[in-house]
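To be precise, the following lines are protein-v6.txt, and they hold compact mmCIF, C-alpha atoms and all ligand atoms.
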# COMPACT_ATOMS: atom_id res chain seq x y z
CA MET N 1496 92.90 -11.59 -120.17
CA ASN N 1497 93.77 -13.58 -117.03
CA ILE N 1498 91.31 -16.25 -116.01
CA LEU N 1499 91.57 -18.22 -112.79
CA SER N 1500 89.53 -21.42 -112.87
CA LEU N 1501 88.62 -24.01 -110.29
CA GLU N 1502 87.20 -27.49 -110.80
CA SER N 1503 85.97 -29.79 -108.02
CA SER N 1504 82.97 -31.56 -109.54
CA CYS N 1505 84.03 -35.12 -108.74
CA ASP N 1506 87.24 -36.54 -107.29
CA GLU N 1507 89.82 -34.13 -108.69
CA THR N 1508 90.61 -30.77 -107.18
CA ALA N 1509 92.04 -28.61 -109.94
CA ILE N 1510 93.20 -25.07 -110.53
CA ALA N 1511 94.34 -23.29 -113.68
CA LEU N 1512 95.52 -19.85 -114.59
CA LEU N 1513 95.08 -19.01 -118.25
CA LYS N 1514 96.51 -15.94 -119.93
CA VAL N 1515 94.73 -15.64 -123.22
CA GLY N 1516 94.26 -13.15 -126.02
CA LYS N 1517 93.37 -13.12 -129.70
CA ASP N 1518 96.63 -14.61 -130.91
CA PHE N 1519 98.16 -16.20 -127.89
CA LEU N 1520 97.40 -18.63 -125.16
CA SER N 1521 99.55 -19.27 -122.15
CA LEU N 1522 98.59 -21.75 -119.52
CA GLU N 1523 100.50 -20.21 -116.63
CA LYS N 1524 99.33 -22.76 -114.09
CA ASN N 1525 97.53 -26.06 -114.36
CA GLN N 1526 97.48 -28.38 -111.41
CA VAL N 1527 95.27 -31.35 -110.67
CA TYR N 1528 95.15 -33.04 -107.32
CA SER N 1529 93.69 -36.50 -107.86
CA GLN N 1530 91.96 -38.36 -105.04
CA VAL N 1531 92.21 -41.70 -106.82
CA ASN N 1532 94.16 -43.37 -103.99
CA ILE N 1533 91.38 -42.51 -101.53
CA HIS N 1534 88.54 -43.96 -103.61
CA GLN N 1535 90.51 -46.91 -104.99
CA LYS N 1536 89.69 -49.27 -102.17
CA TYR N 1537 85.95 -48.67 -102.61
CA GLY N 1538 86.07 -49.29 -106.36
CA GLY N 1539 84.38 -45.94 -107.05
CA VAL N 1540 84.04 -42.37 -105.82
CA VAL N 1541 82.60 -41.96 -102.31
CA PRO N 1542 80.95 -38.50 -102.38
CA GLU N 1543 81.40 -37.69 -98.68
CA LEU N 1544 85.11 -38.54 -98.78
CA ALA N 1545 85.54 -36.60 -102.02
CA ALA N 1546 84.05 -33.42 -100.53
CA ARG N 1547 86.16 -33.70 -97.38
CA LYS N 1548 89.34 -34.06 -99.41
CA HIS N 1549 88.44 -31.04 -101.56
CA VAL N 1550 88.22 -29.03 -98.32
CA GLU N 1551 91.75 -30.05 -97.43
CA THR N 1552 93.36 -29.52 -100.82
CA ILE N 1553 91.75 -26.50 -102.42
CA ILE N 1554 93.35 -23.74 -100.33
CA PRO N 1555 96.89 -25.22 -100.45
CA LEU N 1556 96.46 -25.58 -104.24
CA LEU N 1557 95.45 -21.93 -104.50
CA THR N 1558 98.24 -20.56 -102.33
CA GLU N 1559 100.85 -22.77 -104.01
CA ASN N 1560 99.82 -21.60 -107.45
CA LEU N 1561 99.02 -17.98 -106.85
CA GLY N 1562 101.32 -16.76 -104.12
CA LYS N 1563 100.19 -13.80 -102.07
CA ASN N 1564 99.50 -10.95 -104.46
CA LYS N 1565 98.67 -12.68 -107.71
CA LEU N 1566 94.91 -12.23 -107.49
CA LYS N 1567 95.28 -8.57 -108.37
CA ASP N 1568 96.02 -9.53 -111.99
CA ILE N 1569 93.01 -11.82 -112.32
CA ASP N 1570 90.24 -10.47 -114.59
CA TYR N 1571 87.77 -13.32 -114.09
CA ILE N 1572 87.33 -16.31 -111.83
CA SER N 1573 85.40 -19.28 -113.17
CA ILE N 1574 84.09 -22.35 -111.45
CA THR N 1575 82.48 -25.62 -112.47
CA SER N 1576 78.97 -25.40 -111.04
CA GLY N 1577 77.58 -28.64 -112.51
CA PRO N 1578 77.01 -31.38 -113.41
CA GLY N 1579 78.72 -33.39 -110.69
CA LEU N 1580 78.51 -34.40 -107.05
CA THR N 1581 76.63 -31.74 -105.10
CA THR N 1582 78.95 -31.64 -102.09
CA SER N 1583 82.08 -31.61 -104.24
CA LEU N 1584 80.68 -28.82 -106.42
CA LEU N 1585 79.60 -26.88 -103.35
CA LEU N 1586 83.10 -26.76 -101.99
CA GLY N 1587 84.63 -25.28 -105.15
CA ILE N 1588 81.72 -22.86 -105.57
CA THR N 1589 82.01 -21.60 -102.00
CA VAL N 1590 85.74 -20.96 -102.34
CA ALA N 1591 85.31 -19.30 -105.75
CA LYS N 1592 82.46 -17.07 -104.51
CA THR N 1593 84.47 -16.01 -101.47
CA LEU N 1594 87.56 -15.18 -103.53
CA ALA N 1595 85.51 -13.29 -106.09
CA TYR N 1596 83.55 -11.31 -103.50
CA ILE N 1597 86.49 -10.31 -101.31
CA ASN N 1598 88.65 -9.30 -104.26
CA ASN N 1599 85.85 -7.77 -106.29
CA ILE N 1600 86.48 -10.05 -109.27
CA PRO N 1601 83.62 -11.20 -111.56
CA LEU N 1602 82.73 -14.90 -111.27
CA ILE N 1603 81.56 -17.10 -114.14
CA PRO N 1604 79.87 -20.50 -113.63
CA ILE N 1605 80.86 -23.10 -116.22
CA ASN N 1606 79.30 -26.42 -117.17
CA HIS N 1607 81.71 -29.35 -116.69
CA ILE N 1608 80.72 -30.95 -120.01
CA GLU N 1609 81.38 -27.68 -121.81
CA GLY N 1610 84.84 -27.80 -120.23
CA HIS N 1611 85.43 -31.25 -121.74
CA ILE N 1612 84.36 -29.90 -125.14
CA TYR N 1613 86.84 -27.00 -124.89
CA SER N 1614 89.70 -29.35 -124.00
CA ASN N 1615 89.80 -29.63 -127.80
CA TRP N 1616 90.44 -25.90 -128.21
CA LEU N 1617 93.05 -26.14 -125.50
CA SER N 1618 94.82 -28.94 -127.37
CA ASN N 1619 94.52 -27.87 -131.01
CA LYS N 1620 95.97 -24.61 -132.31
CA GLU N 1621 94.21 -25.07 -135.65
CA LEU N 1622 90.88 -25.01 -133.86
CA ARG N 1623 91.77 -21.82 -132.01
CA LYS N 1624 92.77 -20.17 -135.29
CA ASN N 1625 90.03 -21.34 -137.65
CA ASP N 1626 87.19 -22.78 -135.62
CA LYS N 1627 84.48 -21.27 -137.86
CA LYS N 1628 85.34 -23.70 -140.61
CA TYR N 1629 84.82 -26.68 -138.28
CA PHE N 1630 81.25 -25.84 -137.25
CA PRO N 1631 78.82 -27.53 -137.10
CA SER N 1632 80.76 -30.06 -135.10
CA LEU N 1633 79.66 -33.37 -133.67
CA ILE N 1634 80.83 -33.77 -130.09
CA LEU N 1635 81.16 -37.18 -128.48
CA ILE N 1636 81.38 -36.84 -124.70
CA ILE N 1637 82.61 -40.00 -123.01
CA SER N 1638 83.38 -39.84 -119.31
CA GLY N 1639 82.72 -41.58 -116.01
CA GLY N 1640 79.36 -39.86 -115.66
CA HIS N 1641 78.29 -39.03 -119.22
CA THR N 1642 77.96 -40.45 -122.70
CA GLU N 1643 76.45 -37.92 -125.06
CA LEU N 1644 76.36 -36.93 -128.70
CA ILE N 1645 75.99 -33.18 -129.05
CA LEU N 1646 75.64 -31.07 -132.16
CA MET N 1647 77.64 -27.87 -131.66
CA LYS N 1648 76.66 -25.23 -134.20
CA GLY N 1649 78.84 -22.50 -132.71
CA HIS N 1650 80.22 -21.32 -129.40
CA GLY N 1651 77.57 -21.89 -126.72
CA ASP N 1652 75.12 -23.35 -129.25
CA TYR N 1653 74.42 -26.98 -128.41
CA GLN N 1654 71.80 -29.55 -129.32
CA LEU N 1655 71.65 -32.91 -127.59
CA LEU N 1656 71.32 -35.70 -130.15
CA GLY N 1657 71.51 -38.68 -127.84
CA GLN N 1658 72.79 -39.94 -124.52
CA THR N 1659 73.13 -43.08 -122.48
CA LEU N 1660 69.93 -44.47 -121.05
CA ASP N 1661 71.77 -46.17 -118.19
CA ASP N 1662 75.54 -46.45 -117.50
CA ALA N 1663 78.12 -44.06 -118.90
CA VAL N 1664 80.97 -45.60 -120.91
CA GLY N 1665 83.59 -44.83 -118.26
CA GLU N 1666 81.30 -46.29 -115.63
CA ALA N 1667 81.03 -49.53 -117.66
CA PHE N 1668 84.86 -49.72 -117.87
CA ASP N 1669 85.05 -49.13 -114.11
CA LYS N 1670 82.44 -51.78 -113.31
CA VAL N 1671 84.00 -54.40 -115.59
CA ALA N 1672 87.35 -53.76 -113.88
CA LYS N 1673 85.68 -54.11 -110.47
CA MET N 1674 84.12 -57.45 -111.44
CA MET N 1675 87.61 -58.79 -112.14
CA ASN N 1676 89.21 -57.03 -109.13
CA LEU N 1677 91.50 -55.08 -111.42
CA GLY N 1678 91.46 -51.78 -109.52
CA TYR N 1679 90.07 -48.26 -109.96
CA PRO N 1680 89.66 -46.34 -112.21
CA GLY N 1681 89.00 -49.24 -114.53
CA GLY N 1682 89.36 -47.55 -117.93
CA PRO N 1683 93.14 -47.29 -118.10
CA ILE N 1684 93.58 -50.82 -116.65
CA VAL N 1685 91.03 -52.53 -118.89
CA SER N 1686 92.38 -50.84 -122.01
CA LYS N 1687 95.96 -51.81 -121.10
CA LEU N 1688 95.02 -55.47 -120.58
CA ALA N 1689 92.92 -55.39 -123.75
CA GLU N 1690 96.09 -54.78 -125.78
CA GLN N 1691 97.17 -58.35 -125.09
CA GLY N 1692 93.81 -60.00 -125.73
CA ASN N 1693 91.76 -61.25 -128.64
CA ASN N 1694 88.85 -58.89 -129.26
CA LYS N 1695 86.83 -61.62 -130.99
CA GLU N 1696 87.11 -64.25 -128.26
CA TYR N 1697 83.79 -63.25 -126.68
CA ASP N 1698 80.81 -62.13 -128.68
CA PHE N 1699 79.52 -59.48 -126.30
CA PRO N 1700 76.39 -57.53 -127.26
CA ARG N 1701 76.58 -54.17 -129.02
CA PRO N 1702 73.60 -52.49 -127.32
CA MET N 1703 71.49 -50.19 -129.48
CA LEU N 1704 73.95 -50.46 -132.36
CA THR N 1705 71.19 -50.38 -134.92
CA SER N 1706 68.57 -48.39 -132.98
CA ASN N 1707 66.96 -45.58 -134.86
CA ASN N 1708 68.28 -42.87 -132.57
CA PHE N 1709 71.54 -41.64 -131.09
CA ASN N 1710 71.07 -43.00 -127.58
CA PHE N 1711 73.35 -45.51 -125.93
CA SER N 1712 73.03 -48.24 -123.33
CA PHE N 1713 75.92 -50.00 -121.64
CA SER N 1714 74.35 -51.84 -118.73
CA GLY N 1715 73.48 -54.92 -120.85
CA LEU N 1716 77.05 -55.16 -122.05
CA LYS N 1717 78.30 -54.92 -118.48
CA THR N 1718 75.87 -57.67 -117.42
CA ALA N 1719 77.00 -59.88 -120.32
CA VAL N 1720 80.56 -59.60 -118.97
CA LEU N 1721 79.27 -60.49 -115.49
CA TYR N 1722 77.45 -63.60 -116.79
CA THR N 1723 80.57 -64.70 -118.65
CA LEU N 1724 82.60 -64.38 -115.47
CA GLN N 1725 80.01 -66.25 -113.41
CA LYS N 1726 79.87 -69.06 -115.95
CA LYS N 1727 83.63 -69.43 -116.00
CA GLN N 1728 83.97 -69.19 -112.21
CA LYS N 1729 87.77 -69.11 -112.39
CA ILE N 1730 89.61 -67.00 -114.93
CA ASN N 1731 93.27 -66.99 -115.84
CA LYS N 1732 95.43 -64.20 -117.22
CA LYS N 1733 94.57 -65.00 -120.83
CA ASP N 1734 90.81 -65.01 -120.11
CA ARG N 1735 91.21 -61.62 -118.47
CA TYR N 1736 93.01 -60.17 -121.51
CA ASN N 1737 90.39 -61.60 -123.86
CA ILE N 1738 87.43 -60.38 -121.80
CA CYS N 1739 88.91 -56.86 -121.59
CA SER N 1740 89.66 -56.86 -125.30
CA SER N 1741 86.25 -58.19 -126.37
CA PHE N 1742 84.44 -55.80 -124.01
CA GLN N 1743 86.42 -52.82 -125.29
CA GLN N 1744 85.74 -53.82 -128.89
CA ALA N 1745 81.98 -53.84 -128.22
CA VAL N 1746 82.26 -50.31 -126.81
CA VAL N 1747 84.42 -49.17 -129.73
CA ASP N 1748 81.94 -50.55 -132.28
CA VAL N 1749 78.91 -48.84 -130.71
CA LEU N 1750 80.62 -45.48 -130.20
CA THR N 1751 82.12 -45.43 -133.69
CA LYS N 1752 78.97 -46.45 -135.51
CA LYS N 1753 76.69 -43.97 -133.71
CA THR N 1754 79.17 -41.11 -133.97
CA ILE N 1755 79.72 -41.60 -137.68
CA LYS N 1756 75.99 -42.01 -138.34
CA ALA N 1757 75.25 -38.74 -136.54
CA ALA N 1758 78.13 -36.99 -138.33
CA GLN N 1759 76.64 -37.99 -141.67
CA LYS N 1760 73.07 -37.15 -140.77
CA TYR N 1761 73.93 -33.66 -139.52
CA LYS N 1762 76.55 -33.04 -142.23
CA VAL N 1763 79.12 -31.81 -139.75
CA ASN N 1764 82.48 -30.32 -140.63
CA SER N 1765 84.29 -31.92 -137.74
CA ILE N 1766 84.05 -34.45 -134.94
CA MET N 1767 85.45 -33.81 -131.47
CA ILE N 1768 85.82 -36.17 -128.54
CA GLY N 1769 85.98 -35.15 -124.88
CA GLY N 1770 85.99 -36.66 -121.38
CA GLY N 1771 88.12 -39.13 -119.43
CA VAL N 1772 87.43 -42.02 -121.83
CA ALA N 1773 88.84 -39.91 -124.69
CA ALA N 1774 92.19 -41.22 -123.42
CA ASN N 1775 91.29 -44.58 -124.96
CA ASN N 1776 93.41 -45.22 -128.05
CA GLN N 1777 91.18 -47.86 -129.61
CA ILE N 1778 88.16 -45.56 -129.51
CA LYS N 1779 90.17 -42.68 -130.99
CA GLU N 1780 91.76 -44.83 -133.69
CA SER N 1781 88.46 -46.35 -134.76
CA ILE N 1782 86.67 -42.99 -135.04
CA LYS N 1783 89.72 -41.53 -136.78
CA GLU N 1784 89.69 -44.25 -139.41
CA GLU N 1785 85.99 -43.83 -140.16
CA SER N 1786 86.01 -40.03 -140.15
CA LYS N 1787 88.97 -40.08 -142.54
CA LYS N 1788 86.92 -42.09 -145.03
CA LEU N 1789 84.29 -39.35 -144.92
CA LYS N 1790 86.92 -36.58 -145.03
CA ILE N 1791 85.65 -35.15 -141.74
CA SER N 1792 88.30 -33.58 -139.48
CA LEU N 1793 88.68 -35.22 -136.10
CA PHE N 1794 89.91 -33.34 -133.02
CA THR N 1795 90.86 -35.02 -129.78
CA PRO N 1796 92.27 -33.54 -126.58
CA HIS N 1797 95.86 -34.10 -125.40
CA LEU N 1798 96.02 -36.94 -122.93
CA LYS N 1799 96.71 -34.53 -120.07
CA TYR N 1800 93.41 -32.73 -120.78
CA THR N 1801 91.15 -35.78 -121.17
CA GLY N 1802 90.56 -36.27 -117.45
CA ASP N 1803 89.08 -33.61 -115.21
CA ASN N 1804 91.15 -30.43 -115.06
CA ALA N 1805 90.63 -26.70 -114.62
CA ALA N 1806 92.45 -25.63 -117.80
CA MET N 1807 89.49 -26.82 -119.88
CA ILE N 1808 87.16 -24.81 -117.62
CA ALA N 1809 89.30 -21.71 -118.22
CA MET N 1810 89.23 -22.27 -122.00
CA ALA N 1811 85.43 -22.61 -121.95
CA THR N 1812 85.25 -19.40 -119.91
CA TYR N 1813 87.30 -17.52 -122.48
CA TYR N 1814 85.02 -18.55 -125.34
CA ARG N 1815 81.89 -17.70 -123.31
CA LEU N 1816 83.38 -14.25 -122.73
CA ILE N 1817 84.40 -13.50 -126.30
CA SER N 1818 81.10 -14.76 -127.66
CA LYS N 1819 79.33 -12.58 -125.09
CA ASN N 1820 77.24 -15.32 -123.57
CA ALA N 1821 78.93 -15.68 -120.21
CA LYS N 1822 76.90 -15.42 -117.05
CA VAL N 1823 78.99 -12.90 -115.14
CA LEU N 1824 78.22 -12.62 -111.44
CA LYS N 1825 79.38 -9.68 -109.35
CA GLY N 1826 78.87 -8.32 -105.81
CA LYS N 1827 75.88 -9.70 -103.91
CA LYS N 1828 74.67 -11.54 -107.06
CA LEU N 1829 77.53 -13.93 -106.44
CA PHE N 1830 75.68 -15.51 -103.58
CA THR N 1831 72.87 -16.71 -105.84
CA LEU N 1832 75.19 -19.29 -107.38
CA LYS N 1833 74.46 -22.85 -106.28
CA PRO N 1834 75.61 -26.29 -107.49
CA THR N 1835 73.48 -27.81 -110.27
CA ALA N 1836 74.26 -31.51 -109.92
CA ASN N 1837 72.33 -32.48 -113.06
CA TRP N 1838 72.98 -29.40 -115.20
CA GLN N 1839 72.22 -30.41 -118.78
CA LEU N 1840 74.34 -28.24 -121.05
CA THR N 1841 71.92 -28.58 -123.90
CA LYS N 1842 68.78 -27.83 -121.94
CA ASN N 1843 69.21 -25.38 -119.09
CA LYS N 1844 70.57 -22.23 -120.66
CA LEU N 1845 73.08 -20.24 -118.67
O1 LIG N 1901 86.04 -37.13 -117.36
P1 LIG N 1901 86.50 -37.94 -116.22
O2 LIG N 1901 87.90 -37.71 -115.69
O3 LIG N 1901 85.54 -37.81 -115.01
C1 LIG N 1901 84.18 -37.60 -115.20
O4 LIG N 1901 83.78 -36.44 -115.47
O5 LIG N 1901 83.46 -38.61 -115.13
O6 LIG N 1901 86.37 -39.49 -116.65
C2 LIG N 1901 86.76 -40.54 -115.83
C3 LIG N 1901 86.47 -41.85 -116.53
C4 LIG N 1901 86.62 -43.08 -115.62
O7 LIG N 1901 85.46 -43.85 -115.72
C5 LIG N 1901 87.82 -43.80 -116.22
O8 LIG N 1901 87.80 -45.22 -116.02
C6 LIG N 1901 87.73 -43.42 -117.67
O9 LIG N 1901 87.36 -42.06 -117.64
N1 LIG N 1901 88.99 -43.63 -118.41
C7 LIG N 1901 89.13 -44.49 -119.45
C8 LIG N 1901 90.48 -44.42 -119.86
N2 LIG N 1901 91.12 -43.50 -119.07
C9 LIG N 1901 90.18 -43.01 -118.20
N3 LIG N 1901 88.24 -45.31 -120.04
C10 LIG N 1901 88.68 -46.09 -121.06
N4 LIG N 1901 89.96 -46.09 -121.50
C11 LIG N 1901 90.89 -45.28 -120.94
N5 LIG N 1901 92.15 -45.29 -121.40
ZN ZN N 1902 84.75 -35.06 -116.40

Would you put the structure from the file into structure tokens?
Ligand code: KG4
Ligand code: ZN
Amino acid sequence: MNILSLESSCDETAIALLKVGKDFLSLEKNQVYSQVNIHQKYGGVVPELAARKHVETIIPLLTENLGKNKLKDIDYISITSGPGLTTSLLLGITVAKTLAYINNIPLIPINHIEGHIYSNWLSNKELRKNDKKYFPSLILIISGGHTELILMKGHGDYQLLGQTLDDAVGEAFDKVAKMMNLGYPGGPIVSKLAEQGNNKEYDFPRPMLTSNNFNFSFSGLKTAVLYTLQKKQKINKKDRYNICSSFQQAVVDVLTKKTIKAAQKYKVNSIMIGGGVAANNQIKESIKEESKKLKISLFTPHLKYTGDNAAMIAMATYYRLISKNAKVLKGKKLFTLKPTANWQLTKNKL
């Protein structure tokens, strides 16, 4: 089965071509065009600029990766149709619909968060071979826009256990970096500087650590960092390392405790992490250590699949298809597809 997938939900334009069958998987193409340099100077993604750049890059990406006649071998096209920035989503959807309609290829809309979940299948052969034994699984989604704990009982079967009530984890990393003029995106920079700091130097709050639910909140932590910076007025290199390290440790503690608590409560057979922040080694190490104590398998995506990419969208498409719960659009039906900026994977069924 050949699946062509497109992803343009935020500030990455991505394309992937996945050849997949029962016993094999071959990622023929996987290219991500990042717009980071465009948004860097604003310290965050500017939606209008993101959409305009998608317009410029998506067709060259397609022609570069597919050549002239390659579409004839494509069995399905899939596209991220939410959640994300409406104008960015719209661009990818319009291109995907046009390609599908002209070439008479079925089109499948995919949820971006589901893509992040399937980055684990993309990265772990064991999961592709024996996934039944790892369900139910507890999924921790940590990205620039989302922080969620999801109970996954099987393919396409999700229950939301908790989510952030304000900022997403990645957003908190980005904002803390912005406060110290460290650059964008903040996650990789803050975690790098944190390596050289003392994580106990500042006693930042651990919001909702002991709350009786699986929700998160990171805006108070972010504000605590801001107050510390305001109080100090001037910070040197060492302060910066220590603030990054202490901030990261607060995040690590909250994510680990809530994830492990949910894993125990729902008696899961595995834990999986997905999203851009899944690149963070401290978070992975901490959850790994705790899940090991409970003898729960932990799966994480390869670094190259933590950030936004289309390969994860293709993998999610494949599992939707084989579990017969894909929304397959053909002919004029294609034109009913619209962006769903706030598509909640666990609520709005496909
Ligand atoms: O999943 P993603 O690429 O985009 C969204 O769907 O949001 O996630 C991007 C987020 C950014 O906030 C970025 O700062 C964060 O992931 N990030 C990290 C790390 N690498 C990327 N956060 C913490 N530590 C990292 N190493
Ligand atoms: Zn993402």

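For the atom pair formed by CA of Pro1555 (chain N) and CA of Leu1501 (chain N), the distance is 12.9 Å, given to one decimal.
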
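Interatomic distance, CA of Glu1785 (chain N) against CA of Thr1751 (chain N): 7.7 Å.
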
How many Å lie between CA of Glu1551 (chain N) and CA of Leu1584 (chain N), rounded to one decimal?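 Atom-to-atom, CA of Glu1551 (chain N) and CA of Leu1584 (chain N) are spaced 14.3 Å apart.
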
If the limit is 7 Å from any atom of ligand LIG 1901 (chain N), counting all atoms listed in the file, which residues qualify? Return them as a ChimeraX atom specification. /N:1505,1638-1641,1665-1666,1668-1669,1680-1683,1686,1770-1776,1801-1803

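With distances taken over all atoms listed in the file, N:Lys1717 is the one residue among N:Arg1701, N:Lys1648, N:His1611, N:Lys1717 lying closest to Asp1662 (chain N).
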
Excluding same-chain residues fewer than 4 positions from Ser1712 (chain N), what lies within 12 Å of it counting only C-alpha atoms, as a list of chain:residue names?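 Returned residues: N:His1641, N:Thr1642, N:Glu1643, N:Gly1657, N:Gln1658, N:Thr1659, N:Leu1660, N:Asp1661, N:Asp1662, N:Ala1663, N:Val1664, N:Glu1666, N:Ala1667, N:Pro1700, N:Arg1701, N:Pro1702, N:Met1703, N:Leu1704, N:Thr1705, N:Ser1706, N:Asn1708, N:Leu1716, N:Lys1717, N:Thr1718, N:Ala1745, N:Val1746, N:Val1749, N:Leu1750, N:Lys1753.
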
Within 10 Å of Lys1567 (chain N) using only C-alpha atoms, minus same-chain residues under 5 positions, as an MDAnalysis selection string: chainID N and resid 1598:1600

Considering only C-alpha atoms and all ligand atoms, state which residue in the set N:Thr1575, N:Thr1593, N:Ser1500, N:Ser1740 is at the smallest distance from ligand ZN 1902 (chain N). N:Thr1575

Select, from N:His1650, N:His1607, N:Lys1514, N:Lys1592, the residue with the minimum atom-to-atom distance to Thr1835 (chain N), counting all atoms listed in the file.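 With all atoms listed in the file as the atom set, the closest residue is N:His1607.
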
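Of the residues under consideration (N:Leu1798, N:Ile1608, N:Ile1808, N:Val1823), N:Ile1608 shows the shortest atom-to-atom contact distance to ligand ZN 1902 (chain N) when counting only C-alpha atoms and all ligand atoms.
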
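Minimum atom-to-atom distances from N:Asn1532, N:Leu1594, N:Asn1560, N:Leu1566 to Leu1829 (chain N) were compared using all atoms listed in the file, and the lowest value belongs to N:Leu1594.
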
Need the neighbours of (90.4, -12.2, -114.1): which residues are at most 10 Å away, counting only C-alpha atoms, as a PDB file with C-alpha atoms, in the coordinates of the input?
ATOM      1  CA  MET N1496      92.900 -11.590-120.170  1.00  0.00           C
ATOM      2  CA  ASN N1497      93.770 -13.580-117.030  1.00  0.00           C
ATOM      3  CA  ILE N1498      91.310 -16.250-116.010  1.00  0.00           C
ATOM      4  CA  LEU N1499      91.570 -18.220-112.790  1.00  0.00           C
ATOM      5  CA  SER N1500      89.530 -21.420-112.870  1.00  0.00           C
ATOM      6  CA  LEU N1512      95.520 -19.850-114.590  1.00  0.00           C
ATOM      7  CA  LEU N1513      95.080 -19.010-118.250  1.00  0.00           C
ATOM      8  CA  LYS N1514      96.510 -15.940-119.930  1.00  0.00           C
ATOM      9  CA  LEU N1566      94.910 -12.230-107.490  1.00  0.00           C
ATOM     10  CA  LYS N1567      95.280  -8.570-108.370  1.00  0.00           C
ATOM     11  CA  ASP N1568      96.020  -9.530-111.990  1.00  0.00           C
ATOM     12  CA  ILE N1569      93.010 -11.820-112.320  1.00  0.00           C
ATOM     13  CA  ASP N1570      90.240 -10.470-114.590  1.00  0.00           C
ATOM     14  CA  TYR N1571      87.770 -13.320-114.090  1.00  0.00           C
ATOM     15  CA  ILE N1572      87.330 -16.310-111.830  1.00  0.00           C
ATOM     16  CA  SER N1573      85.400 -19.280-113.170  1.00  0.00           C
ATOM     17  CA  ALA N1595      85.510 -13.290-106.090  1.00  0.00           C
ATOM     18  CA  ILE N1600      86.480 -10.050-109.270  1.00  0.00           C
ATOM     19  CA  PRO N1601      83.620 -11.200-111.560  1.00  0.00           C
ATOM     20  CA  LEU N1602      82.730 -14.900-111.270  1.00  0.00           C
TER      21      LEU N1602
END

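Distances here use only C-alpha atoms; by that measure, the residue among N:Ala1809, N:Ala1719, N:Ile1634, N:Ala1758 closest to Leu1520 (chain N) is N:Ala1809.
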
May I have the protein, DNA and RNA residues with any atom at most 9 Å from the point (84.8, -20.1, -123.9), counting only C-alpha atoms, written as a ChimeraX atom specification? /N:1609-1610,1613,1650-1651,1808-1818,1820-1821

Same residues, C-alpha atoms, output as a short mmCIF file (atom, residue, chain, number, x, y, z; two decimals), in the coordinates of the input:
data_model
loop_
_atom_site.label_atom_id
_atom_site.label_comp_id
_atom_site.auth_asym_id
_atom_site.auth_seq_id
_atom_site.Cartn_x
_atom_site.Cartn_y
_atom_site.Cartn_z
CA GLU N 1609 81.38 -27.68 -121.81
CA GLY N 1610 84.84 -27.80 -120.23
CA TYR N 1613 86.84 -27.00 -124.89
CA HIS N 1650 80.22 -21.32 -129.40
CA GLY N 1651 77.57 -21.89 -126.72
CA ILE N 1808 87.16 -24.81 -117.62
CA ALA N 1809 89.30 -21.71 -118.22
CA MET N 1810 89.23 -22.27 -122.00
CA ALA N 1811 85.43 -22.61 -121.95
CA THR N 1812 85.25 -19.40 -119.91
CA TYR N 1813 87.30 -17.52 -122.48
CA TYR N 1814 85.02 -18.55 -125.34
CA ARG N 1815 81.89 -17.70 -123.31
CA LEU N 1816 83.38 -14.25 -122.73
CA ILE N 1817 84.40 -13.50 -126.30
CA SER N 1818 81.10 -14.76 -127.66
CA ASN N 1820 77.24 -15.32 -123.57
CA ALA N 1821 78.93 -15.68 -120.21
#

Take every atom of region 1731-1740 of chain N listed in the file, pad by 5 Å on each side, and give me the axis-aligned box centre and edge lengths in Å, one decimal, as AutoDock Vina command-line options.
--center_x 91.4 --center_y -61.9 --center_z -120.6 --size_x 18.0 --size_y 20.1 --size_z 19.5

Give me the residues within 10 Å of Lys1624 (chain N) as a short mmCIF file (atom, residue, chain, number, x, y, z; two decimals) with C-alpha atoms, in the coordinates of the input, counting all atoms listed in the file and dropping any in the same chain fewer than 6 places off.
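Written file, around.cif:
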data_model
loop_
_atom_site.label_atom_id
_atom_site.label_comp_id
_atom_site.auth_asym_id
_atom_site.auth_seq_id
_atom_site.Cartn_x
_atom_site.Cartn_y
_atom_site.Cartn_z
CA LYS N 1517 93.37 -13.12 -129.70
CA ASP N 1518 96.63 -14.61 -130.91
CA PHE N 1519 98.16 -16.20 -127.89
CA TRP N 1616 90.44 -25.90 -128.21
#
